[in-house]
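protein.csv (CSV, C-alpha atoms and all ligand atoms)
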```csv
chain,number,residue,atom,x,y,z
E,1,MET,CA,31.8,37.8,40.9
E,2,SER,CA,33.2,34.9,39.0
E,3,THR,CA,35.5,35.6,36.0
E,4,ARG,CA,34.3,34.0,32.9
E,5,GLN,CA,36.7,31.6,31.1
E,6,ALA,CA,37.9,32.7,27.7
E,7,PRO,CA,35.5,31.3,25.0
E,8,ASP,CA,36.6,27.8,23.9
E,9,THR,CA,37.9,27.3,20.4
E,10,GLU,CA,35.1,25.1,19.1
E,11,THR,CA,33.4,26.9,16.3
E,12,ALA,CA,29.8,27.8,16.8
E,13,ILE,CA,29.1,29.6,13.6
E,14,SER,CA,31.1,29.9,10.4
E,15,ALA,CA,30.0,31.8,7.4
E,16,LYS,CA,31.7,31.7,4.0
E,17,SER,CA,31.4,34.4,1.3
E,18,LEU,CA,27.9,35.5,2.2
E,19,GLY,CA,26.3,37.8,-0.3
E,20,LYS,CA,22.9,39.3,-0.5
E,21,VAL,CA,21.2,41.1,-3.3
E,22,TYR,CA,17.7,42.6,-2.7
E,23,ARG,CA,16.1,42.6,-6.2
E,24,GLY,CA,13.5,45.3,-6.7
E,25,GLU,CA,11.3,45.9,-9.7
E,26,HIS,CA,13.4,48.8,-10.9
E,27,GLN,CA,16.7,48.3,-9.1
E,28,SER,CA,18.7,45.9,-7.0
E,29,VAL,CA,20.6,46.6,-3.9
E,30,THR,CA,23.7,44.6,-3.1
E,31,ALA,CA,23.7,44.6,0.7
E,32,LEU,CA,26.4,42.1,1.4
E,33,LYS,CA,29.4,40.8,-0.5
E,34,GLU,CA,31.9,38.1,0.2
E,35,LEU,CA,31.4,38.2,3.9
E,36,SER,CA,33.2,35.5,5.9
E,37,PHE,CA,33.7,35.0,9.6
E,38,SER,CA,33.5,32.5,12.3
E,39,VAL,CA,32.5,32.7,16.0
E,40,SER,CA,33.6,30.4,18.7
E,41,ARG,CA,31.3,28.7,21.1
E,42,GLY,CA,30.6,31.0,24.1
E,43,GLU,CA,32.0,34.0,22.3
E,44,PHE,CA,30.4,37.5,22.4
E,45,PHE,CA,30.9,38.8,18.9
E,46,SER,CA,29.8,42.3,18.0
E,47,VAL,CA,29.3,43.7,14.5
E,48,VAL,CA,29.6,47.5,13.9
E,49,GLY,CA,29.5,49.4,10.7
E,50,PRO,CA,28.0,52.5,9.1
E,51,SER,CA,24.2,52.8,8.7
E,52,GLY,CA,22.9,50.7,5.8
E,53,CYS,CA,26.0,48.6,5.5
E,54,GLY,CA,24.1,45.3,5.9
E,55,LYS,CA,24.4,44.5,9.6
E,56,SER,CA,20.7,43.6,10.0
E,57,THR,CA,20.8,41.7,6.7
E,58,LEU,CA,23.6,39.6,8.0
E,59,LEU,CA,21.8,38.9,11.3
E,60,ARG,CA,18.6,38.0,9.5
E,61,ILE,CA,20.4,35.6,7.3
E,62,ILE,CA,22.0,33.9,10.3
E,63,ALA,CA,18.6,33.8,12.0
E,64,ARG,CA,17.3,32.1,8.8
E,65,LEU,CA,14.6,34.8,8.4
E,66,ILE,CA,15.9,35.5,4.8
E,67,ASP,CA,18.2,33.6,2.5
E,68,ALA,CA,21.6,34.7,1.4
E,69,THR,CA,22.0,35.1,-2.4
E,70,THR,CA,25.4,33.5,-2.4
E,71,GLY,CA,27.7,31.8,0.1
E,72,ASP,CA,26.7,29.7,3.1
E,73,PHE,CA,27.0,29.4,6.8
E,74,GLU,CA,26.8,26.7,9.4
E,75,VAL,CA,25.6,26.6,13.0
E,76,ASN,CA,27.3,23.9,14.9
E,77,SER,CA,24.5,22.5,17.1
E,78,ARG,CA,25.3,20.4,20.1
E,79,GLU,CA,21.9,19.0,20.9
E,80,GLY,CA,19.1,18.5,18.5
E,81,SER,CA,16.4,19.5,21.0
E,82,ARG,CA,17.7,23.0,21.5
E,83,PRO,CA,16.6,25.8,19.1
E,84,GLU,CA,19.3,26.9,16.8
E,85,ASN,CA,18.8,30.6,17.6
E,86,SER,CA,16.8,33.2,19.4
E,87,VAL,CA,16.6,36.8,18.1
E,88,VAL,CA,16.2,40.0,20.1
E,89,PHE,CA,15.4,43.0,18.0
E,90,GLN,CA,15.4,46.7,19.0
E,91,GLU,CA,11.7,46.9,19.0
E,92,HIS,CA,10.0,44.8,21.7
E,93,ALA,CA,8.4,41.8,20.2
E,94,LEU,CA,6.3,40.8,23.1
E,95,PHE,CA,2.8,39.4,22.8
E,96,PRO,CA,0.5,42.1,24.3
E,97,TRP,CA,-2.1,39.5,25.3
E,98,ARG,CA,0.3,37.4,27.3
E,99,THR,CA,1.6,38.2,30.8
E,100,VAL,CA,5.3,38.7,31.3
E,101,GLN,CA,5.6,35.1,32.6
E,102,LYS,CA,3.7,33.7,29.7
E,103,ASN,CA,5.8,35.7,27.2
E,104,VAL,CA,9.0,34.2,28.6
E,105,GLU,CA,7.4,30.8,28.6
E,106,PHE,CA,6.4,31.0,24.9
E,107,GLY,CA,9.4,29.4,23.2
E,108,LEU,CA,9.4,26.6,25.8
E,109,GLU,CA,5.7,26.0,25.3
E,110,MET,CA,6.3,25.7,21.6
E,111,ARG,CA,8.9,23.0,22.3
E,112,GLY,CA,6.6,21.1,24.5
E,113,VAL,CA,8.5,21.7,27.7
E,114,PRO,CA,6.2,20.5,30.6
E,115,LYS,CA,4.3,23.2,32.4
E,116,GLN,CA,6.1,23.1,35.7
E,117,GLU,CA,9.6,23.2,34.1
E,118,ARG,CA,8.8,26.1,31.8
E,119,SER,CA,7.2,28.0,34.7
E,120,SER,CA,10.3,27.7,36.9
E,121,THR,CA,12.7,28.4,34.0
E,122,ALA,CA,10.8,31.5,33.1
E,123,ARG,CA,10.8,32.6,36.8
E,124,ASP,CA,14.5,32.0,37.0
E,125,TYR,CA,15.3,34.2,34.0
E,126,LEU,CA,12.9,36.9,35.1
E,127,ARG,CA,14.7,37.0,38.4
E,128,LYS,CA,18.0,37.3,36.6
E,129,VAL,CA,16.9,40.4,34.8
E,130,GLY,CA,15.4,41.9,38.0
E,131,LEU,CA,11.7,41.3,37.1
E,132,GLU,CA,10.8,39.2,40.1
E,133,GLY,CA,7.3,40.3,41.2
E,134,PHE,CA,6.3,41.5,37.7
E,135,GLU,CA,5.4,38.1,36.3
E,136,ASP,CA,1.6,38.7,36.1
E,137,LEU,CA,1.8,42.1,34.5
E,138,TYR,CA,1.1,42.7,30.8
E,139,PRO,CA,3.6,44.3,28.4
E,140,HIS,CA,1.7,47.6,28.3
E,141,GLN,CA,2.1,48.0,32.0
E,142,LEU,CA,6.0,48.0,31.7
E,143,SER,CA,8.5,50.7,30.7
E,144,GLY,CA,10.5,50.2,27.5
E,145,GLY,CA,13.5,49.1,29.6
E,146,MET,CA,11.5,46.5,31.4
E,147,GLN,CA,10.0,45.2,28.2
E,148,GLN,CA,13.4,44.7,26.8
E,149,ARG,CA,14.4,42.9,30.0
E,150,VAL,CA,11.5,40.5,29.3
E,151,ASN,CA,12.7,40.1,25.7
E,152,ILE,CA,16.2,39.3,26.9
E,153,SER,CA,15.1,36.8,29.5
E,154,ARG,CA,12.8,35.1,26.9
E,155,ALA,CA,15.8,34.7,24.6
E,156,PHE,CA,18.0,33.2,27.3
E,157,ALA,CA,15.2,31.0,28.6
E,158,ASN,CA,14.8,29.5,25.1
E,159,ASP,CA,18.3,28.1,25.6
E,160,PRO,CA,19.4,28.5,21.9
E,161,GLU,CA,22.7,27.5,20.4
E,162,VAL,CA,23.2,31.2,19.5
E,163,LEU,CA,21.6,34.4,20.6
E,164,LEU,CA,21.3,37.0,17.8
E,165,MET,CA,20.8,40.5,19.0
E,166,ASP,CA,20.0,43.4,16.7
E,167,GLU,CA,20.5,46.7,18.5
E,168,PRO,CA,18.7,45.3,21.5
E,169,LEU,CA,19.3,48.4,23.7
E,170,GLY,CA,19.2,50.9,20.8
E,171,ALA,CA,15.8,52.4,21.7
E,172,LEU,CA,16.5,52.9,25.4
E,173,ASP,CA,17.6,56.1,27.1
E,174,ALA,CA,21.3,56.3,28.1
E,175,GLN,CA,20.9,55.5,31.8
E,176,THR,CA,18.7,52.4,31.2
E,177,ARG,CA,21.0,51.3,28.4
E,178,HIS,CA,24.0,51.4,30.8
E,179,VAL,CA,22.2,49.4,33.4
E,180,LEU,CA,21.0,46.8,30.9
E,181,GLN,CA,24.5,46.5,29.3
E,182,GLU,CA,25.8,45.4,32.8
E,183,GLU,CA,22.8,43.1,33.3
E,184,LEU,CA,23.3,41.5,29.9
E,185,LEU,CA,27.0,41.0,30.6
E,186,ARG,CA,26.2,39.4,34.0
E,187,ILE,CA,23.7,36.9,32.5
E,188,TRP,CA,26.0,36.1,29.6
E,189,ASN,CA,28.8,35.6,32.2
E,190,GLU,CA,26.7,32.9,33.9
E,191,GLU,CA,25.7,31.1,30.8
E,192,ASP,CA,27.6,29.3,28.1
E,193,LYS,CA,26.0,31.4,25.3
E,194,THR,CA,27.3,32.4,21.9
E,195,ILE,CA,26.1,35.9,21.0
E,196,ILE,CA,26.2,37.9,17.8
E,197,TYR,CA,25.4,41.5,18.7
E,198,ILE,CA,24.7,44.3,16.3
E,199,THR,CA,25.2,47.8,17.6
E,200,HIS,CA,25.8,51.3,16.4
E,201,SER,CA,27.7,52.1,19.6
E,202,LEU,CA,31.5,51.5,19.5
E,203,GLU,CA,31.5,51.9,23.3
E,204,GLU,CA,28.9,49.2,23.8
E,205,ALA,CA,30.7,46.9,21.4
E,206,ILE,CA,34.0,47.3,23.3
E,207,LEU,CA,32.3,47.0,26.7
E,208,MET,CA,30.5,43.7,25.8
E,209,SER,CA,32.6,41.8,23.3
E,210,ASP,CA,35.4,39.3,23.0
E,211,ARG,CA,35.8,40.4,19.4
E,212,ILE,CA,34.4,43.1,17.2
E,213,GLY,CA,33.8,42.8,13.4
E,214,LEU,CA,33.9,46.1,11.6
E,215,MET,CA,32.0,46.2,8.4
E,216,THR,CA,32.7,48.3,5.3
E,217,SER,CA,30.2,50.6,3.6
E,218,ARG,CA,27.7,48.8,1.4
E,219,PRO,CA,28.1,46.3,0.0
E,220,GLY,CA,29.0,45.2,3.4
E,221,THR,CA,31.9,42.9,4.1
E,222,LEU,CA,34.2,42.5,7.1
E,223,LYS,CA,36.9,45.1,7.0
E,224,ASP,CA,38.7,44.0,10.2
E,225,VAL,CA,38.1,42.0,13.3
E,226,TYR,CA,39.4,43.4,16.6
E,227,GLU,CA,40.2,41.5,19.7
E,228,VAL,CA,39.0,43.2,22.9
E,229,ASP,CA,41.8,42.4,25.2
E,230,ILE,CA,40.2,44.0,28.3
E,231,PRO,CA,39.8,41.8,31.4
E,232,ARG,CA,36.4,40.7,32.6
E,233,PRO,CA,34.2,41.2,34.5
E,234,ARG,CA,33.6,44.6,32.8
E,235,THR,CA,31.3,47.2,34.2
E,236,ASN,CA,30.5,50.8,33.3
E,237,LYS,CA,33.7,51.9,35.0
E,238,THR,CA,35.6,49.9,32.4
E,239,ARG,CA,34.9,52.8,30.1
E,240,ASN,CA,37.5,54.9,32.0
E,241,ARG,CA,40.4,52.5,31.2
E,242,SER,CA,43.1,53.8,28.9
E,243,ASP,CA,43.1,50.6,26.8
E,244,PHE,CA,39.3,51.0,26.3
E,245,ASN,CA,39.8,54.5,25.0
E,246,GLU,CA,42.8,53.5,22.8
E,247,LEU,CA,40.7,50.7,21.2
E,248,TYR,CA,37.8,53.2,20.7
E,249,SER,CA,40.1,55.6,18.8
E,250,GLU,CA,41.5,52.8,16.7
E,251,LEU,CA,38.0,51.5,15.8
E,252,TRP,CA,36.6,55.0,15.1
E,253,ASP,CA,39.6,55.8,12.8
E,254,SER,CA,38.6,52.8,10.7
E,255,LEU,CA,34.8,53.3,11.0
E,256,GLU,CA,34.9,57.0,10.1
E,257,ASP,CA,36.3,56.2,6.6
E,258,GLU,CA,33.4,53.8,6.1
E,259,VAL,CA,30.8,56.3,7.4
E,260,GLN,CA,32.2,58.8,4.8
E,261,ALA,CA,32.0,56.3,2.0
E,262,SER,CA,28.5,55.4,3.0
E,263,MET,CA,27.4,59.0,3.0
E,264,GLU,CA,28.9,59.5,-0.4
E,265,LEU,CA,27.2,56.4,-1.7
E,266,ARG,CA,23.8,57.7,-0.5
E,267,ARG,CA,24.4,61.1,-2.0
E,268,ALA,CA,25.3,59.5,-5.4
E,269,GLU,CA,22.2,57.3,-5.3
E,270,SER,CA,19.9,60.2,-4.5
E,271,GLN,CA,21.0,62.2,-7.6
O,301,LIG,N1,13.8,44.1,2.2
O,301,LIG,C1,14.7,44.9,1.5
O,301,LIG,N2,14.5,45.2,0.2
O,301,LIG,C2,15.4,46.0,-0.4
O,301,LIG,N3,16.4,46.6,0.2
O,301,LIG,C3,16.7,46.3,1.4
O,301,LIG,C4,15.8,45.5,2.2
O,301,LIG,N4,16.3,45.4,3.5
O,301,LIG,C5,17.4,46.1,3.5
O,301,LIG,N5,17.6,46.7,2.3
O,301,LIG,C6,18.8,47.5,1.9
O,301,LIG,O1,20.0,46.8,2.2
O,301,LIG,C7,21.0,47.6,2.7
O,301,LIG,C8,21.4,47.1,4.0
O,301,LIG,O2,20.3,47.2,5.0
O,301,LIG,P1,20.4,46.7,6.5
O,301,LIG,O3,19.2,47.1,7.1
O,301,LIG,O4,20.9,45.3,6.5
O,301,LIG,O5,21.6,47.7,7.0
O,301,LIG,P2,22.1,48.0,8.5
O,301,LIG,O6,23.5,48.1,8.5
O,301,LIG,O7,21.4,47.1,9.4
O,301,LIG,O8,21.4,49.5,8.6
O,301,LIG,P3,21.2,50.3,9.9
O,301,LIG,O9,22.5,50.4,10.6
O,301,LIG,O10,20.8,51.7,9.4
O,301,LIG,O11,20.1,49.7,10.7
O,301,LIG,C9,20.3,49.0,2.8
O,301,LIG,O12,20.7,49.8,1.6
O,301,LIG,C10,18.9,48.8,2.8
O,301,LIG,O13,18.2,49.8,2.2
```
Show me this structure written as structure tokens.
Ligand SMILES: Nc1ncnc2c1ncn2[C@@H]1O[C@H](COP(=O)(O)OP(=O)(O)OP(=O)(O)O)[C@@H](O)[C@H]1O
Amino acid sequence: MSTRQAPDTETAISAKSLGKVYRGEHQSVTALKELSFSVSRGEFFSVVGPSGCGKSTLLRIIARLIDATTGDFEVNSREGSRPENSVVFQEHALFPWRTVQKNVEFGLEMRGVPKQERSSTARDYLRKVGLEGFEDLYPHQLSGGMQQRVNISRAFANDPEVLLMDEPLGALDAQTRHVLQEELLRIWNEEDKTIIYITHSLEEAILMSDRIGLMTSRPGTLKDVYEVDIPRPRTNKTRNRSDFNELYSELWDSLEDEVQASMELRRAESQ
């Protein structure tokens, strides 16, 4: 297996002082505050933090699905014809009336990519995620893990500047999750893709990432950014390394304080 080069230093995304307030009729929630970061092109950047700290909010802002209340961010696009981003959510977002093949082709179809080209691109990516032979099935004929494989291949096939993933493997059982983590790493290793990856799992973050941003309790901001200085390629066996476990302990020490703060906040708000 080839060893991936370290990500280059060209900035793919930079965000400055992002803030988000959800305004309700009776009360407002400040989800993010003064959050700044930058991600290099080709980097795998994970974001971890306590539940409700604003991770999905951050991703949805970068995906341009919602607006930030304050601050701004920039995605450094190389080619105008490529989509700026593709998003993979935890829930499968496949079209039930389209076959596996047609689901993967969807983004390419929207961009007017010729039929033959989109067909071979989709087949390529389906093969990369081990779904060769399943092209003509419909989503309901697939297991959850297979559906998420389709989602992942669709996102890569779109060839976006950045891939935004919000707990993409969160709904899967542990074994399937481990297999897909390795598959995702393998595909990312072959492609020059920038990924922002939200996860609740510190283990997953360490296994996959070049760097990990750890968020504070709400209002979420980046508390620290950790370099994952563990050689690639990484596999499930990488979890047994002592440096893996040392980093896990370091991250958990910091995250635990934020989880406590987050629980106290929720307790106070419910009174
Ligand atoms: N549309 C919305 N309207 C009002 N409040 C919202 C909305 N979306 C999110 N929130 C609130 O903003 C805060 C951050 O939510 P968000 O989903 O971004 O957190 P998260 O870190 O992704 O959570 P989790 O880890 O549990 O998925 C939470 O308090 C949530 O209740």
Worksheet item: With distances taken over all atoms listed in the file, which of E:Val259, E:Gly144, E:Glu182, E:Thr221 is nearest to Thr235 (chain E)?
Response: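 Smallest separation from Thr235 (chain E) among the options: E:Glu182.
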Discussion item. Residues within 7 Å of Ser38 (chain E), please, as a list in words. Count all atoms listed in the file; anything in the same chain fewer than 4 positions from it doesn't count.
Written reply: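 That gives Thr11, Ile13, Ser14 and Ala15 of chain E.
For ligand LIG 301 (chain O), the set of protein, DNA and RNA residues within 6 Å, based on only C-alpha atoms and all ligand atoms, reads Tyr22, Val29, Ala31, Ser51, Gly52, Cys53, Gly54, Lys55, Ser56 and Thr57 of chain E.
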Worksheet item: Could you pull the residues within 8 Å of region 87-104 of chain E, counting only C-alpha atoms, minus those fewer than 2 positions along the same chain, as a ChimeraX atom specification?
Response: /E:63,85,106-107,119,122-123,126,134-140,144,147-148,150-155,157,163-171
Put a box with edges along x, y and z around all the listed atoms of region 33-48 of chain E, pad it by 5 Å on each side, then give me its centre and sizes in Å, one decimal, as AutoDock Vina command-line options.
```
--center_x 31.5 --center_y 38.1 --center_z 11.8 --size_x 14.4 --size_y 28.8 --size_z 34.6
```
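Among the candidates E:Thr176, E:Thr194, E:Ser120, E:Ser270, the one nearest to Val75 (chain E) when counting all atoms listed in the file is E:Thr194.
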Discussion item. When you look at Gln181 (chain E) with a cut-off of 9 Å (counting all atoms listed in the file), what residues show up, excluding the ones that are within fewer than 3 positions of it in the same chain? I need them as a count of residues only.
Written reply: 12
Worksheet entry | Given only C-alpha atoms as the counted atoms, nearest of E:Phe44, E:Tyr226, E:Tyr248, E:Phe73 to Leu202 (chain E) |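 Distance minimum relative to Leu202 (chain E) lands on E:Tyr248.
Between CA of Val228 (chain E) and CA of Leu247 (chain E) lies a distance of 7.9 Å.
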Worksheet entry | Point (30.6, 49.5, 8.2), cut-off 6 Å, counting all atoms listed in the file, residues as number ranges by chain | E: 49-50, 53, 214-217, 258
Mind writing the picked residues with C-alpha atoms as a CSV table (one decimal), in the coordinates of the input?
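Contents of selection-v9.csv, freshly written:
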```
chain,number,residue,atom,x,y,z
E,49,GLY,CA,29.5,49.4,10.7
E,50,PRO,CA,28.0,52.5,9.1
E,53,CYS,CA,26.0,48.6,5.5
E,214,LEU,CA,33.9,46.1,11.6
E,215,MET,CA,32.0,46.2,8.4
E,216,THR,CA,32.7,48.3,5.3
E,217,SER,CA,30.2,50.6,3.6
E,258,GLU,CA,33.4,53.8,6.1
```
Worksheet item: Any idea what the distance is between CA of Arg239 (chain E) and CA of Ile187 (chain E)?
Response: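 Separating CA of Arg239 (chain E) from CA of Ile187 (chain E) is a distance of 19.6 Å.
Atom pair CA of Asp243 (chain E) / CA of Val48 (chain E): separated by 18.9 Å.
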Discussion item. Here is a test: counting only C-alpha atoms, which residue of E:Gly80, E:Pro233, E:Gly213, E:Gly42 is nearest to Ile198 (chain E)?
Written reply: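 Using only C-alpha atoms, Ile198 (chain E) sits closest to E:Gly213.
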